[in-house]
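Input: a single structure, listed below in structure tokens.
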Amino acid sequence: MIYVIIKRTVIVVAIFVSLLAEFGPLAFCETQDQYLGFQFVSGKNCTSDGMPKKFCEISKPKAWTANELREMKQSLDAIFPPGKLDQFKHNIQAGGFIKIYRYTDGVAPLGASFISRAAWFWVDPSDRSINAADLGVLSPDVADPHGGFPSFNNLVLLHELAHAYQSVNPELDQPFIRVAKYQTPHGKWEVENGPYWRDVKDQVTEARKLFLEGRTQEALRLSRNYAVPYGYPTAYAMFHPIEGFAEIVAYTYFDQTAPKYMDPNLVRWVRQNVLK
Ligand SMILES: [Zn+2]
């Protein structure tokens with residue numbers, strides 16, 4: 001039922017957003033800055049009631065500050081040091097994911113029912129936008145509780161770029177589902193088909209609550225400690241294959257301990273098909 005509602009919302013929003021991109025007046029759309037092929041721009045003004053009401057009510061466009069831009073560029077440097085992930089970056093940008101928009105609170109327009117108001121960043125495949133919210137940009141950085149990597153912010157940004165990569169390369173969906181062992185009775189990526197769904201749902205809900213309260217370190221510890229014994233990086237990675245793709249890609253890249261708990265076949269597949 002939830003899936004049906006989300007699916008309908010996705011279709012409606014996709015149609016609307018593509019129309020808006022074609023004809024709609026876009027406020028503050030001038031490029032403010034660019035780096036490594038990405039453009040940092042202010043959010044789009046929500047001017048039509050065709051957009052989900054809560055998106056327009058909650059996610060207001062705002063400008064990037066100099067400090068925010070400096071931190072985002074540092075994260076891009078960490079993700080794309082010279083000679084690393086060149087194909088990954090080129091593939092995303094050739095697929096149209098170039099602009100990174102800035103908003104106040106985050107309400108992902110797609111699949112928003114579960115993470116409503118909790119989005120740090122989100123990627124919208126319908127207009128190829130990468131979107132940053134206060135929660136993602138202004139939250140203090142934390143270290144990984146397993147000690148596998150120093151900056152959570154870098155990991156969150158790579159997670160979003162992995163969503164962009166997945167959306168540009170849909171032929172990878174089924175091979176990924178198989179190698180990551182997600183259960184998909186209808187051959188589709190569906191909500192509530194992650195492995196161990198019933199157990200993990202409580203963990204994800206609790207972690208999400210902690211994230212929203214600003215208790216990022218505790219949230220991360222809960223999510224990590226639950227999932228690692230199952231061979232996944234986070235509880236979030238376990239509840240939905242789309243989030244699993246983004247989490248597994250980001251942790252395979254940044255978490256030096258990932259090969260110790262993830263299936264070697266999965267690590268190899270991610271390195272061969274995504275992290276190149
Ligand atoms: Zn995600």
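Simple scheme: letters A, B, ... for chains in structure tokens order, numbers from 1 for residues in each chain, numbers from 1 for ligands in the order shown.
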* To do: Write down as an MDAnalysis selection string the residues belonging to range 128-244 of chain A that are assigned alpha helix (DSSP H) by DSSP computed on the backbone.
  => chainID A and resid 134:138 152:168 173:179 197:212 216:227 235:239 241:244
* Within 9 Å of ligand 1, which residues show up when you count only C-alpha atoms and all ligand atoms? List them as a PyMOL selection string, please. => chain A and resi 119-123+156+159-160+162-163+236-237+242-247
* Mind listing the strand (DSSP E or B) residues of range 67-194 of chain A, per DSSP on the backbone, as a list of chain:residue names? => A:Lys99, A:Ile100, A:Tyr101, A:Arg102, A:Tyr103, A:Phe121, A:Trp122, A:Val123, A:Asp124, A:Ser129, A:Ile130, A:Asn131, A:Ala132
Write out as a PDB file with C-alpha atoms, in the first residue's frame each polymer residue whose atoms come within 12 Å of Ala227 in chain A, counting only C-alpha atoms; drop sequence neighbours fewer than 3 positions from it.
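What ended up in result.pdb:
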```
ATOM      1  CA  HIS A 146      33.863   1.705  13.920  1.00  0.00           C
ATOM      2  CA  PRO A 195      16.578  -8.377   4.082  1.00  0.00           C
ATOM      3  CA  TYR A 196      15.499  -8.727   7.706  1.00  0.00           C
ATOM      4  CA  TRP A 197      12.912  -5.980   7.140  1.00  0.00           C
ATOM      5  CA  ASP A 199      13.881  -6.408  12.571  1.00  0.00           C
ATOM      6  CA  VAL A 200      15.598  -3.570  10.843  1.00  0.00           C
ATOM      7  CA  LYS A 201      12.585  -1.273  10.627  1.00  0.00           C
ATOM      8  CA  GLN A 203      16.424   0.178  14.175  1.00  0.00           C
ATOM      9  CA  VAL A 204      16.038   2.562  11.227  1.00  0.00           C
ATOM     10  CA  LEU A 220      25.278   6.231  13.498  1.00  0.00           C
ATOM     11  CA  ARG A 221      26.472   3.863  16.235  1.00  0.00           C
ATOM     12  CA  LEU A 222      23.036   2.250  16.483  1.00  0.00           C
ATOM     13  CA  SER A 223      22.716   1.834  12.722  1.00  0.00           C
ATOM     14  CA  ARG A 224      26.268   0.492  12.313  1.00  0.00           C
ATOM     15  CA  TYR A 230      24.721  -9.135   9.061  1.00  0.00           C
ATOM     16  CA  GLY A 231      27.374  -8.069   6.530  1.00  0.00           C
ATOM     17  CA  TYR A 232      25.821  -4.689   5.672  1.00  0.00           C
ATOM     18  CA  PRO A 233      27.276  -1.278   6.576  1.00  0.00           C
ATOM     19  CA  THR A 234      24.175   0.259   8.204  1.00  0.00           C
ATOM     20  CA  ALA A 235      20.621  -0.587   9.186  1.00  0.00           C
ATOM     21  CA  TYR A 236      19.577   1.955   6.557  1.00  0.00           C
ATOM     22  CA  ALA A 237      21.338  -0.139   3.903  1.00  0.00           C
ATOM     23  CA  MET A 238      19.259  -3.156   4.892  1.00  0.00           C
ATOM     24  CA  PHE A 239      15.748  -1.841   4.633  1.00  0.00           C
ATOM     25  CA  GLY A 244      21.412  -0.142   0.103  1.00  0.00           C
ATOM     26  CA  GLU A 247      25.162   3.044   1.407  1.00  0.00           C
ATOM     27  CA  ILE A 248      27.146   0.057   0.158  1.00  0.00           C
ATOM     28  CA  ALA A 258      34.212  -2.786   4.884  1.00  0.00           C
ATOM     29  CA  TYR A 261      32.224  -7.561   7.187  1.00  0.00           C
ATOM     30  CA  MET A 262      30.868  -7.297   3.626  1.00  0.00           C
TER      31      MET A 262
END
```
* To do: Identify, on the basis of only C-alpha atoms, every residue whose closest approach to Ala133 in chain A does not exceed 9 Å; exclude the query and any residue fewer than 4 positions from it along the same chain; express the result as a VMD selection string.
  => chain A and resid 59 101 to 107 119 to 122 137 to 138
Please save N, CA and C atoms of the selected residues as a PDB file, in the first residue's frame.
```pdb
ATOM      1  N   SER A  59      10.433  22.897   2.232  1.00  0.00           N
ATOM      2  CA  SER A  59      11.735  23.067   1.588  1.00  0.00           C
ATOM      3  C   SER A  59      11.810  24.389   0.843  1.00  0.00           C
ATOM      4  N   TYR A 101      21.553  21.915  -5.646  1.00  0.00           N
ATOM      5  CA  TYR A 101      20.664  22.985  -5.173  1.00  0.00           C
ATOM      6  C   TYR A 101      20.681  23.044  -3.646  1.00  0.00           C
ATOM      7  N   ARG A 102      20.359  24.223  -3.127  1.00  0.00           N
ATOM      8  CA  ARG A 102      20.392  24.424  -1.675  1.00  0.00           C
ATOM      9  C   ARG A 102      18.979  24.745  -1.175  1.00  0.00           C
ATOM     10  N   TYR A 103      18.535  24.022  -0.155  1.00  0.00           N
ATOM     11  CA  TYR A 103      17.218  24.257   0.450  1.00  0.00           C
ATOM     12  C   TYR A 103      17.345  24.364   1.967  1.00  0.00           C
ATOM     13  N   THR A 104      16.282  24.840   2.593  1.00  0.00           N
ATOM     14  CA  THR A 104      16.260  24.910   4.064  1.00  0.00           C
ATOM     15  C   THR A 104      16.102  23.489   4.604  1.00  0.00           C
ATOM     16  N   ASP A 105      14.941  23.155   5.112  1.00  0.00           N
ATOM     17  CA  ASP A 105      14.712  21.786   5.580  1.00  0.00           C
ATOM     18  C   ASP A 105      14.574  20.852   4.393  1.00  0.00           C
ATOM     19  N   GLY A 106      14.839  19.600   4.632  1.00  0.00           N
ATOM     20  CA  GLY A 106      14.795  18.660   3.533  1.00  0.00           C
ATOM     21  C   GLY A 106      13.532  17.830   3.534  1.00  0.00           C
ATOM     22  N   VAL A 107      12.827  17.904   2.443  1.00  0.00           N
ATOM     23  CA  VAL A 107      11.725  16.982   2.218  1.00  0.00           C
ATOM     24  C   VAL A 107      11.927  16.441   0.816  1.00  0.00           C
ATOM     25  N   ALA A 119      15.357  14.517   5.302  1.00  0.00           N
ATOM     26  CA  ALA A 119      16.345  14.375   4.234  1.00  0.00           C
ATOM     27  C   ALA A 119      17.518  15.329   4.452  1.00  0.00           C
ATOM     28  N   TRP A 120      18.718  14.805   4.390  1.00  0.00           N
ATOM     29  CA  TRP A 120      19.933  15.622   4.486  1.00  0.00           C
ATOM     30  C   TRP A 120      20.241  16.160   3.092  1.00  0.00           C
ATOM     31  N   PHE A 121      20.270  15.207   2.173  1.00  0.00           N
ATOM     32  CA  PHE A 121      20.437  15.497   0.761  1.00  0.00           C
ATOM     33  C   PHE A 121      19.441  14.611   0.038  1.00  0.00           C
ATOM     34  N   TRP A 122      19.061  14.960  -1.151  1.00  0.00           N
ATOM     35  CA  TRP A 122      18.306  14.021  -1.952  1.00  0.00           C
ATOM     36  C   TRP A 122      18.601  14.257  -3.427  1.00  0.00           C
ATOM     37  N   VAL A 137      23.809  20.036   5.372  1.00  0.00           N
ATOM     38  CA  VAL A 137      24.892  21.007   5.194  1.00  0.00           C
ATOM     39  C   VAL A 137      25.354  21.583   6.528  1.00  0.00           C
ATOM     40  N   LEU A 138      24.415  21.789   7.467  1.00  0.00           N
ATOM     41  CA  LEU A 138      24.761  22.472   8.717  1.00  0.00           C
ATOM     42  C   LEU A 138      25.068  21.527   9.869  1.00  0.00           C
TER      43      LEU A 138
END
```
Within 12 Å of range 150-153 of chain A: each range 161-262 of chain A residue with its shortest pair, only C-alpha atoms, as JSON lines:
```
{"residue": "A:Thr216", "atom": "CA", "partner": "A:Phe152", "partner_atom": "CA", "distance": 9.6}
{"residue": "A:Gln217", "atom": "CA", "partner": "A:Phe152", "partner_atom": "CA", "distance": 9.6}
{"residue": "A:Ala219", "atom": "CA", "partner": "A:Phe152", "partner_atom": "CA", "distance": 12.0}
{"residue": "A:Leu220", "atom": "CA", "partner": "A:Phe152", "partner_atom": "CA", "distance": 9.3}
{"residue": "A:Arg221", "atom": "CA", "partner": "A:Phe152", "partner_atom": "CA", "distance": 11.9}
{"residue": "A:Glu247", "atom": "CA", "partner": "A:Phe152", "partner_atom": "CA", "distance": 11.8}
{"residue": "A:Ala250", "atom": "CA", "partner": "A:Phe152", "partner_atom": "CA", "distance": 10.3}
{"residue": "A:Tyr251", "atom": "CA", "partner": "A:Phe152", "partner_atom": "CA", "distance": 10.3}
{"residue": "A:Phe254", "atom": "CA", "partner": "A:Pro150", "partner_atom": "CA", "distance": 8.8}
{"residue": "A:Asp255", "atom": "CA", "partner": "A:Pro150", "partner_atom": "CA", "distance": 9.1}
{"residue": "A:Gln256", "atom": "CA", "partner": "A:Pro150", "partner_atom": "CA", "distance": 10.5}
```
Take the residues that were just selected and, keeping C-alpha atoms, output them as an mmCIF file, in the first residue's frame.
```
data_model
loop_
_atom_site.group_PDB
_atom_site.id
_atom_site.type_symbol
_atom_site.label_atom_id
_atom_site.label_comp_id
_atom_site.auth_asym_id
_atom_site.auth_seq_id
_atom_site.Cartn_x
_atom_site.Cartn_y
_atom_site.Cartn_z
ATOM 1 C CA THR A 216 24.170 11.993 14.970
ATOM 2 C CA GLN A 217 26.941 10.022 16.654
ATOM 3 C CA ALA A 219 22.310 7.344 15.524
ATOM 4 C CA LEU A 220 25.278 6.231 13.498
ATOM 5 C CA ARG A 221 26.472 3.863 16.235
ATOM 6 C CA GLU A 247 25.162 3.044 1.407
ATOM 7 C CA ALA A 250 29.791 4.893 -0.058
ATOM 8 C CA TYR A 251 31.041 2.513 2.643
ATOM 9 C CA PHE A 254 35.420 5.210 2.517
ATOM 10 C CA ASP A 255 35.232 2.488 5.175
ATOM 11 C CA GLN A 256 38.560 0.685 5.354
#
```
